[in-house]
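Novice: So here's work09.txt, just compact mmCIF, C-alpha atoms:
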```txt
# COMPACT_ATOMS: atom_id res chain seq x y z
CA MET A 6 121.29 410.71 138.03
CA PRO A 7 124.62 412.06 136.74
CA THR A 8 127.75 411.51 138.75
CA THR A 9 131.31 412.75 138.57
CA SER A 10 134.48 410.73 138.83
CA SER A 11 136.60 412.87 141.13
CA SER A 12 136.40 413.42 144.86
CA PRO A 13 134.78 416.68 146.03
CA PRO A 14 137.54 419.33 146.20
CA ASP A 15 135.83 421.34 148.94
CA GLY A 16 134.82 418.39 151.13
CA CYS A 17 131.17 418.98 150.29
CA LEU A 18 128.43 416.76 148.94
CA ASN A 19 125.36 417.55 146.90
CA ALA A 20 122.50 416.34 149.07
CA LEU A 21 118.88 416.03 148.02
CA GLY A 22 116.57 416.38 151.00
CA LEU A 23 112.99 415.10 151.12
CA MET A 24 110.45 416.12 153.72
CA SER A 25 106.81 415.24 154.21
CA GLY A 26 105.57 417.11 157.24
CA THR A 27 102.69 416.86 159.66
CA SER A 28 100.49 419.04 157.49
CA LEU A 29 100.16 416.00 155.17
CA ASP A 30 100.04 418.21 152.11
CA GLY A 31 102.83 416.72 150.00
CA VAL A 32 106.56 416.21 149.54
CA ASP A 33 109.12 419.01 149.61
CA ALA A 34 112.37 418.29 147.78
CA ALA A 35 115.47 420.49 147.73
CA LEU A 36 119.14 420.35 146.80
CA VAL A 37 121.85 421.73 149.03
CA ARG A 38 125.65 421.58 148.86
CA THR A 39 127.20 421.11 152.28
CA ASP A 40 129.98 419.55 154.31
CA GLY A 41 127.58 418.98 157.21
CA THR A 42 128.67 422.06 159.14
CA SER A 43 128.05 424.92 156.72
CA ILE A 44 125.97 425.44 153.61
CA LYS A 45 127.97 426.21 150.50
CA ALA A 46 125.10 426.53 148.02
CA HIS A 47 121.34 426.12 147.71
CA GLY A 48 120.01 424.32 144.66
CA PRO A 49 116.50 424.25 143.22
CA ALA A 50 113.50 423.03 145.19
CA LEU A 51 109.95 421.91 144.52
CA THR A 52 106.82 420.69 146.22
CA LEU A 53 104.84 417.73 144.92
CA PRO A 54 101.35 417.71 146.46
CA TYR A 55 99.69 414.54 147.65
CA SER A 56 96.51 413.50 145.91
CA PRO A 57 93.37 413.99 148.01
CA GLN A 58 93.10 410.20 148.25
CA LEU A 59 96.64 409.72 149.58
CA ARG A 60 96.23 412.60 152.01
CA ALA A 61 93.03 411.02 153.35
CA GLN A 62 94.75 407.64 153.67
CA LEU A 63 97.64 409.18 155.59
CA ARG A 64 95.25 411.08 157.84
CA ASN A 65 93.46 407.81 158.63
CA LEU A 66 96.79 406.19 159.51
CA LEU A 67 97.37 408.82 162.19
CA ASP A 68 94.24 407.63 163.98
CA THR A 69 95.06 403.93 163.70
CA ALA A 70 98.89 404.00 164.05
CA PRO A 71 98.99 403.12 167.79
CA ASP A 72 97.38 399.75 167.01
CA LEU A 73 99.14 398.98 163.72
CA THR A 74 101.98 396.55 163.11
CA PRO A 75 104.66 397.36 160.51
CA ASP A 76 103.44 394.54 158.24
CA ASN A 77 99.81 395.72 158.16
CA PRO A 78 98.70 395.46 154.50
CA VAL A 79 96.85 398.78 154.52
CA LEU A 80 99.90 400.49 156.01
CA LYS A 81 102.21 398.87 153.45
CA ALA A 82 100.00 399.97 150.56
CA VAL A 83 99.92 403.57 151.78
CA GLU A 84 103.66 403.48 152.41
CA HIS A 85 104.28 402.35 148.84
CA GLY A 86 102.10 405.14 147.45
CA LEU A 87 103.85 407.66 149.67
CA THR A 88 107.30 406.50 148.57
CA HIS A 89 106.31 406.60 144.92
CA VAL A 90 105.51 410.31 145.29
CA HIS A 91 108.99 410.79 146.78
CA VAL A 92 110.51 408.99 143.78
CA GLN A 93 108.64 411.34 141.46
CA ALA A 94 109.87 414.35 143.47
CA VAL A 95 113.49 413.22 143.08
CA GLN A 96 113.06 412.67 139.36
CA ARG A 97 111.38 416.02 138.79
CA LEU A 98 113.96 417.89 140.84
CA HIS A 99 116.73 416.26 138.82
CA LYS A 100 115.21 417.78 135.68
CA LEU A 101 115.58 421.23 137.27
CA ALA A 102 119.31 420.67 137.85
CA PRO A 103 120.44 418.09 135.27
CA GLY A 104 124.12 418.99 135.65
CA MET A 105 124.22 418.74 139.45
CA ALA A 106 125.47 415.35 140.61
CA VAL A 107 123.46 414.08 143.57
CA ASP A 108 125.63 412.27 146.11
CA VAL A 109 123.07 411.31 148.73
CA VAL A 110 119.36 411.57 149.50
CA GLY A 111 118.05 412.49 152.94
CA PHE A 112 114.64 410.81 153.26
CA HIS A 113 112.63 411.75 156.33
CA GLY A 114 109.50 409.79 155.49
CA GLN A 115 106.06 410.48 156.94
CA THR A 116 105.57 410.58 160.69
CA ILE A 117 102.46 408.66 161.66
CA LEU A 118 103.15 408.43 165.41
CA HIS A 119 105.32 410.40 167.81
CA LYS A 120 105.17 410.10 171.58
CA PRO A 121 107.62 409.74 174.47
CA GLY A 122 109.78 406.70 173.84
CA ARG A 123 108.50 406.04 170.34
CA THR A 124 108.64 407.70 166.95
CA TRP A 125 107.48 406.12 163.69
CA GLN A 126 108.13 407.38 160.18
CA ILE A 127 106.96 405.33 157.20
CA GLY A 128 108.62 405.21 153.80
CA ASP A 129 110.43 402.52 151.82
CA ALA A 130 114.06 403.62 151.61
CA ALA A 131 115.08 400.53 149.61
CA TYR A 132 112.45 401.24 146.95
CA LEU A 133 113.45 404.92 146.82
CA SER A 134 117.12 403.99 146.40
CA ALA A 135 116.42 401.39 143.74
CA GLN A 136 114.16 403.69 141.72
CA THR A 137 116.53 406.67 141.83
CA ASN A 138 119.86 404.80 141.76
CA LEU A 139 121.00 406.86 144.73
CA PRO A 140 122.13 406.11 148.30
CA VAL A 141 119.52 407.07 150.86
CA ILE A 142 119.93 408.13 154.48
CA HIS A 143 116.73 407.58 156.45
CA ASP A 144 115.46 406.72 159.95
CA PHE A 145 116.84 409.95 161.39
CA ARG A 146 114.98 409.95 164.71
CA THR A 147 115.12 406.52 166.34
CA ALA A 148 118.73 406.71 167.55
CA ASP A 149 117.91 409.87 169.48
CA VAL A 150 114.82 408.27 171.04
CA ALA A 151 116.79 405.13 171.93
CA ALA A 152 119.33 407.36 173.68
CA GLY A 153 116.62 409.01 175.78
CA GLY A 154 115.82 412.01 173.58
CA GLU A 155 112.49 413.26 172.27
CA GLY A 156 113.47 412.52 168.66
CA ALA A 157 112.30 415.99 167.65
CA PRO A 158 112.78 418.64 166.52
CA LEU A 159 115.73 417.82 164.23
CA ALA A 160 115.94 421.06 162.23
CA PRO A 161 117.80 423.14 164.88
CA LEU A 162 121.34 422.36 163.76
CA TYR A 163 120.44 423.36 160.22
CA HIS A 164 118.82 426.54 161.49
CA ALA A 165 121.93 427.29 163.55
CA ALA A 166 124.16 426.80 160.49
CA LEU A 167 122.01 429.26 158.52
CA LEU A 168 121.88 431.82 161.35
CA TYR A 169 125.53 431.87 162.33
CA LYS A 170 126.06 435.46 161.11
CA ARG A 171 122.84 436.91 162.57
CA PRO A 172 122.82 439.02 165.73
CA ARG A 173 121.70 436.99 168.74
CA PRO A 174 119.36 436.06 170.30
CA VAL A 175 117.49 435.06 167.15
CA ALA A 176 114.88 432.41 166.42
CA VAL A 177 113.53 430.36 163.56
CA LEU A 178 109.86 429.48 163.92
CA ASN A 179 108.59 426.63 161.77
CA ILE A 180 104.82 426.37 161.55
CA GLY A 181 103.73 423.14 159.90
CA GLY A 182 101.13 420.80 161.34
CA VAL A 183 103.03 421.19 164.62
CA ALA A 184 104.91 424.40 165.43
CA ASN A 185 108.51 424.33 166.62
CA LEU A 186 111.20 426.86 167.25
CA THR A 187 114.98 427.10 167.31
CA LEU A 188 116.57 429.75 169.49
CA LEU A 189 120.21 430.72 169.03
CA THR A 190 121.04 432.41 172.33
CA SER A 191 123.42 435.29 172.98
CA SER A 192 126.07 432.76 174.02
CA GLY A 193 125.52 430.64 170.90
CA GLN A 194 123.60 427.86 172.61
CA VAL A 195 121.07 426.08 170.38
CA VAL A 196 117.76 425.64 172.21
CA ALA A 197 114.74 424.08 170.54
CA CYS A 198 111.33 422.53 171.09
CA ASP A 199 107.89 421.96 169.69
CA THR A 200 105.68 424.75 170.98
CA GLY A 201 102.24 423.30 170.35
CA PRO A 202 99.79 422.92 167.48
CA GLY A 203 100.74 424.66 164.26
CA ASN A 204 98.37 424.45 161.31
CA ALA A 205 96.97 420.99 162.06
CA LEU A 206 94.03 421.97 164.26
CA MET A 207 93.16 424.94 162.05
CA ASP A 208 93.25 422.67 159.00
CA ASP A 209 91.09 419.99 160.64
CA TRP A 210 88.59 422.59 161.85
CA ALA A 211 88.37 424.17 158.40
CA PHE A 212 87.82 420.78 156.79
CA GLN A 213 85.08 419.90 159.27
CA HIS A 214 83.23 423.18 158.79
CA THR A 215 83.92 424.20 155.19
CA GLY A 216 85.11 421.05 153.43
CA THR A 217 88.36 422.75 152.41
CA PRO A 218 91.71 421.30 153.59
CA CYS A 219 92.81 424.55 155.26
CA ASP A 220 91.66 428.02 156.25
CA THR A 221 93.12 429.81 153.25
CA ASP A 222 94.75 433.11 154.28
CA GLY A 223 93.05 432.78 157.66
CA HIS A 224 89.86 434.03 156.05
CA LEU A 225 87.55 432.08 158.36
CA ALA A 226 89.50 433.04 161.48
CA THR A 227 89.42 436.75 160.62
CA GLN A 228 85.62 436.62 160.58
CA GLY A 229 85.53 435.38 164.17
CA THR A 230 86.66 436.29 167.67
CA PRO A 231 88.67 434.03 169.96
CA ASP A 232 86.78 432.62 172.91
CA HIS A 233 89.22 433.47 175.69
CA ALA A 234 87.64 431.15 178.25
CA VAL A 235 88.05 428.17 175.91
CA LEU A 236 91.53 429.36 174.95
CA GLU A 237 92.73 429.58 178.54
CA ARG A 238 91.34 426.13 179.33
CA MET A 239 93.35 424.71 176.45
CA LEU A 240 96.48 426.60 177.48
CA ALA A 241 96.21 425.22 181.02
CA HIS A 242 97.64 421.94 179.72
CA PRO A 243 100.99 421.24 181.45
CA PHE A 244 102.81 420.93 178.12
CA PHE A 245 102.64 424.65 177.52
CA HIS A 246 104.44 425.38 180.78
CA GLN A 247 107.30 422.95 180.23
CA PRO A 248 110.64 424.43 179.18
CA ALA A 249 112.50 423.21 176.11
CA PRO A 250 113.23 420.61 174.92
CA LYS A 251 109.85 418.98 174.34
CA SER A 252 107.97 417.52 171.38
CA LEU A 253 104.49 416.61 170.18
CA ASP A 254 102.56 414.33 167.88
CA ARG A 255 100.21 415.90 165.35
CA LEU A 256 97.27 414.52 167.32
CA SER A 257 98.53 415.43 170.80
CA PHE A 258 96.00 418.26 171.06
CA HIS A 259 93.32 416.87 168.79
CA HIS A 260 90.94 417.05 171.75
CA ALA A 261 91.01 420.85 171.32
CA LEU A 262 88.57 420.44 168.45
CA ALA A 263 86.02 419.03 170.88
CA GLN A 264 86.67 421.90 173.28
CA CYS A 265 85.74 424.30 170.47
CA ALA A 266 82.69 422.29 169.43
CA GLY A 267 80.20 424.78 170.88
CA LEU A 268 81.67 427.71 168.95
CA SER A 269 80.70 429.00 165.55
CA ALA A 270 82.90 428.05 162.62
CA ALA A 271 84.52 431.50 162.58
CA ASN A 272 84.98 431.79 166.35
CA GLY A 273 86.40 428.28 166.54
CA ALA A 274 88.91 429.08 163.79
CA ALA A 275 89.90 432.30 165.57
CA THR A 276 90.31 430.43 168.88
CA LEU A 277 92.50 427.73 167.34
CA LEU A 278 94.64 430.35 165.62
CA ALA A 279 95.04 432.10 168.97
CA LEU A 280 96.05 428.76 170.53
CA THR A 281 98.91 428.36 168.03
CA VAL A 282 100.07 431.94 168.66
CA GLN A 283 99.82 431.90 172.45
CA ALA A 284 101.51 428.51 172.71
CA ILE A 285 104.50 430.05 170.92
CA ALA A 286 104.41 433.29 172.91
CA ARG A 287 104.20 431.49 176.27
CA THR A 288 106.95 428.93 175.61
CA PRO A 289 109.48 429.28 178.46
CA LEU A 290 112.82 430.30 176.91
CA PRO A 291 116.17 431.27 178.47
CA GLU A 292 115.95 434.62 176.66
CA GLN A 293 113.61 436.27 174.19
CA PRO A 294 114.65 436.53 170.53
CA GLN A 295 115.18 439.93 168.96
CA GLU A 296 114.15 438.50 165.60
CA TRP A 297 111.80 435.69 164.58
CA PHE A 298 112.07 434.24 161.07
CA VAL A 299 109.04 432.16 160.14
CA CYS A 300 109.06 429.21 157.76
CA GLY A 301 106.58 426.46 156.93
CA GLY A 302 103.08 426.84 155.60
CA GLY A 303 101.99 429.04 158.49
CA ARG A 304 103.95 431.99 157.16
CA ARG A 305 101.53 432.14 154.22
CA ASN A 306 98.60 432.83 156.56
CA PRO A 307 98.42 436.63 156.93
CA ALA A 308 96.06 436.39 159.90
CA LEU A 309 98.49 434.12 161.72
CA MET A 310 101.50 436.29 160.87
CA ALA A 311 99.71 439.41 162.07
CA ALA A 312 98.79 437.74 165.36
CA LEU A 313 102.37 436.55 165.85
CA ALA A 314 103.72 440.05 165.23
CA GLN A 315 101.40 441.37 167.91
CA ALA A 316 102.12 438.65 170.47
CA LEU A 317 105.88 438.11 170.16
CA PRO A 318 108.70 440.38 171.30
CA GLY A 319 111.02 441.53 168.54
CA SER A 320 110.40 441.53 164.81
CA VAL A 321 108.50 438.75 163.04
CA CYS A 322 109.34 438.18 159.38
CA PRO A 323 108.99 435.41 156.81
CA ALA A 324 112.16 433.42 156.17
CA GLU A 325 112.36 434.93 152.68
CA GLN A 326 113.60 438.17 154.25
CA LEU A 327 116.92 436.38 154.76
CA GLY A 328 116.94 435.10 151.20
CA TRP A 329 115.79 431.64 152.29
CA ASN A 330 113.13 429.56 150.60
CA GLY A 331 110.66 429.05 153.41
CA ASP A 332 108.96 426.17 151.61
CA ALA A 333 112.24 424.29 151.06
CA LEU A 334 113.86 424.78 154.45
CA GLU A 335 112.91 421.45 156.02
CA ALA A 336 113.77 419.50 152.88
CA GLU A 337 117.15 421.24 152.77
CA CYS A 338 117.55 420.35 156.42
CA PHE A 339 117.30 416.63 155.78
CA GLY A 340 119.83 416.88 152.98
CA PHE A 341 122.13 418.63 155.46
CA LEU A 342 121.44 416.01 158.13
CA ALA A 343 122.12 413.19 155.66
CA VAL A 344 125.64 414.55 155.16
CA ARG A 345 126.08 414.94 158.92
CA SER A 346 124.97 411.33 159.34
CA LEU A 347 127.53 410.13 156.81
CA ALA A 348 130.22 412.13 158.59
CA GLY A 349 129.25 410.73 162.00
CA LEU A 350 128.31 414.19 163.31
CA PRO A 351 125.49 414.84 165.81
CA LEU A 352 121.96 415.36 164.57
CA SER A 353 120.62 416.34 167.99
CA LEU A 354 121.85 417.93 171.21
CA PRO A 355 120.78 417.87 174.86
CA THR A 356 119.26 421.33 174.37
CA THR A 357 117.27 420.37 171.26
CA THR A 358 115.80 416.95 172.06
CA GLY A 359 116.82 416.28 175.66
CA VAL A 360 119.19 413.48 174.68
CA ALA A 361 121.95 412.95 177.25
CA PHE A 362 124.81 413.59 174.82
CA PRO A 363 125.11 414.93 171.25
CA GLN A 364 123.68 412.12 169.16
CA THR A 365 124.23 411.12 165.54
CA GLY A 366 121.69 409.02 163.69
CA GLY A 367 120.28 407.92 160.36
CA ARG A 368 120.74 404.68 158.44
CA LEU A 369 122.17 404.18 154.97
CA THR A 370 120.29 402.13 152.38
CA CYS A 371 121.89 401.71 148.99
CA MET A 372 120.33 399.44 146.38
CA THR A 373 122.66 400.47 143.56
CA ILE A 374 125.39 398.20 142.17
CA THR A 375 127.96 401.01 142.43
CA PRO A 376 127.04 402.86 145.63
CA TRP A 377 129.05 406.01 145.02
CA GLY A 378 129.66 407.79 141.76
CA ARG A 379 132.87 409.30 143.11
CA GLN A 380 135.30 408.75 145.91
CA LEU A 381 133.91 410.54 148.95
CA TRP A 382 135.68 411.40 152.16
CA PRO A 383 136.32 408.69 154.76
CA TRP A 384 133.86 408.73 157.66
CA PRO A 385 133.84 409.89 160.32
CA ARG A 386 135.74 412.97 159.23
CA LYS A 387 138.67 413.84 161.46
CA ASP A 388 139.04 417.43 160.28
CA VAL A 389 135.52 418.62 161.18
CA PRO A 390 134.78 418.94 164.90
CA PRO A 391 131.27 418.00 166.02
CA LEU A 392 128.91 420.93 166.59
CA SER A 393 128.41 421.04 170.35
CA HIS A 394 125.46 422.42 172.20
CA SER A 395 127.46 425.50 173.18
CA ASP A 396 128.89 426.34 169.73
```
Any chance you could put this one into structure tokens?

Specialist:
Amino acid sequence: MPTTSSSPPDGCLNALGLMSGTSLDGVDAALVRTDGTSIKAHGPALTLPYSPQLRAQLRNLLDTAPDLTPDNPVLKAVEHGLTHVHVQAVQRLHKLAPGMAVDVVGFHGQTILHKPGRTWQIGDAAYLSAQTNLPVIHDFRTADVAAGGEGAPLAPLYHAALLYKRPRPVAVLNIGGVANLTLLTSSGQVVACDTGPGNALMDDWAFQHTGTPCDTDGHLATQGTPDHAVLERMLAHPFFHQPAPKSLDRLSFHHALAQCAGLSAANGAATLLALTVQAIARTPLPEQPQEWFVCGGGRRNPALMAALAQALPGSVCPAEQLGWNGDALEAECFGFLAVRSLAGLPLSLPTTTGVAFPQTGGRLTCMTITPWGRQLWPWPRKDVPPLSHSD
């Protein structure tokens, strides 16, 4: 990776963010230039899909994770394969921006378990750093959990930085395997939570009934009709009535597949799509957004987007309407959070994860002989105030 010899004149770093979400479909990589409070420029981005074999291995880990130890040989083998794909993503992204010096990598890793009091992301930061010759910030969530927070979602402060000029109240809705939202209230408060299943149940149902990894364009769901009795039984779960903040594991509602077992393939798909939509629509919020901007793979499902537009107050649009890259948003986020981590700024707030106080996080792993290619600012920065939960 190229580096420069002078310190950044604008106090910004070029951060390369990496995200592998709960949909288990691959690695998103994106470059962003930021000082940790605002975004100065967006660089190129790409997605590197997982092989079917690696995706199946990761999906199996979700089922066995509660009983695994970190030194389990199967886990370590999958972790190595996962990290190698991240290395390839970094290398390929570099070729898209050969003149852009990368200062730091934000490496989320792959979540294999998330529940109250525990969150577990796998990925070998030392191997990633050694193979790319770059410093890596990783382990973003455990400090928040140790401080009493949910550890998720972590995208809200990035969403708030992107939305600072939009009329309020406004929301970003991310629909990956799990769905989560960020609400920027009229007063500027950042409120966030997981809302419920995103694409995960629809993907698993489609795979069970059609052998394909997802319900492409919602085609199966549009052929069916939601079973409202089954839907309401699923929505009776206490989680859906809890106010923000709250979070989920990808498998938290896996039992919903069994509840749909008596339905046809099409009706089950329609019911699970309705579950994702109604979980979002019924999330208790301090005020309703005037605009919803949707990112993540769910925005590519026209049946899901149409149902959201019908169920939610205000306008519902893909993130691209704001000029954002909806596929790169979470990867950009972890580049942004890596810079915030280096600067000692909060990654989470009481209103986003339930942590008692604004909480920083992340750990630095650097396997290079010369850690920095240029003199960066001293940390924590004294000239940048922390973003509070009322900013």

Novice: What's the separation between atom CA of A:Pro54 and atom CA of A:Leu178, in Å to one decimal place?

Specialist: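 So the two atoms, atom CA of A:Pro54 and atom CA of A:Leu178, lie 22.7 Å apart.
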
Novice: Please report the interatomic distance between atom CA of A:Asp76 and atom CA of A:Asp129 in Å with one decimal.

Specialist: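 Interatomic distance here is 12.4 Å.
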
Novice: Which one of A:Thr42, A:Ser346, A:Asn204, A:Thr74 sits closest to A:His259 if you count all atoms listed in the file?

Specialist: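 Looking at the shortest contact to A:His259, the residue is A:Asn204.
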
Novice: A:Pro49: which residues within 8 Å, counting all atoms listed in the file, same-chain residues fewer than 2 positions away excluded, as a VMD selection string?

Specialist: chain A and resid 35 to 36 47 51 98 101 to 102

Novice: Give the answer as one residue: which of A:Val195, A:Leu268, A:Leu189, A:Leu162 has the shortest atom-to-atom distance to A:Trp210, using all atoms listed in the file?

Specialist: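 Of the candidates, the smallest distance to A:Trp210 is held by A:Leu268.
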
Novice: Between A:Ala70, A:Val175, A:Ala20, A:Ala135, single out the one closest to A:Gly319, counting all atoms listed in the file.

Specialist: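 Smallest distance to A:Gly319 is found for A:Val175.
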
Novice: Using all atoms listed in the file, tabulate the residues of stretch 153-228 of chain A lying at most 10 Å from any atom of stretch 330-335 of chain A, each with its closest atom pair and that distance in Å to one decimal, by chain and increasing residue number, as CSV.

Specialist:
```
residue,atom,partner,partner_atom,distance
A:Leu159,CA,A:Glu335,CA,9.4
A:Ala160,CA,A:Glu335,CA,6.9
A:Tyr163,CA,A:Glu335,CA,8.8
A:His164,CA,A:Leu334,CA,8.8
A:Asn179,CA,A:Glu335,CA,8.9
```

Novice: Let me make sure I understand: among A:Leu118, A:Leu80, A:Leu167, A:Leu206, which one has the smallest atom-to-atom distance to A:Leu327 if we use all atoms listed in the file?

Specialist: A:Leu167

Novice: Between A:Ala263, A:Ala148, A:Leu350, A:Ile180, which is the closest to A:Val299 once you count all atoms listed in the file?

Specialist: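 Of all the options, A:Ile180 lies closest to A:Val299.
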
Novice: Could you work out how far atom CA of A:Leu63 lies from atom CA of A:Val183, giving the answer in Å with one decimal?

Specialist: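 Atom-to-atom, atom CA of A:Val183 and atom CA of A:Leu63 are spaced 16.0 Å apart.
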
Novice: Neighbouring residues of stretch 156-158 of chain A were defined as those with any atom within 8 Å, considering all atoms listed in the file; residues of the same chain fewer than 2 positions away were excluded. Please report them as a count of residues only.

Specialist: 17
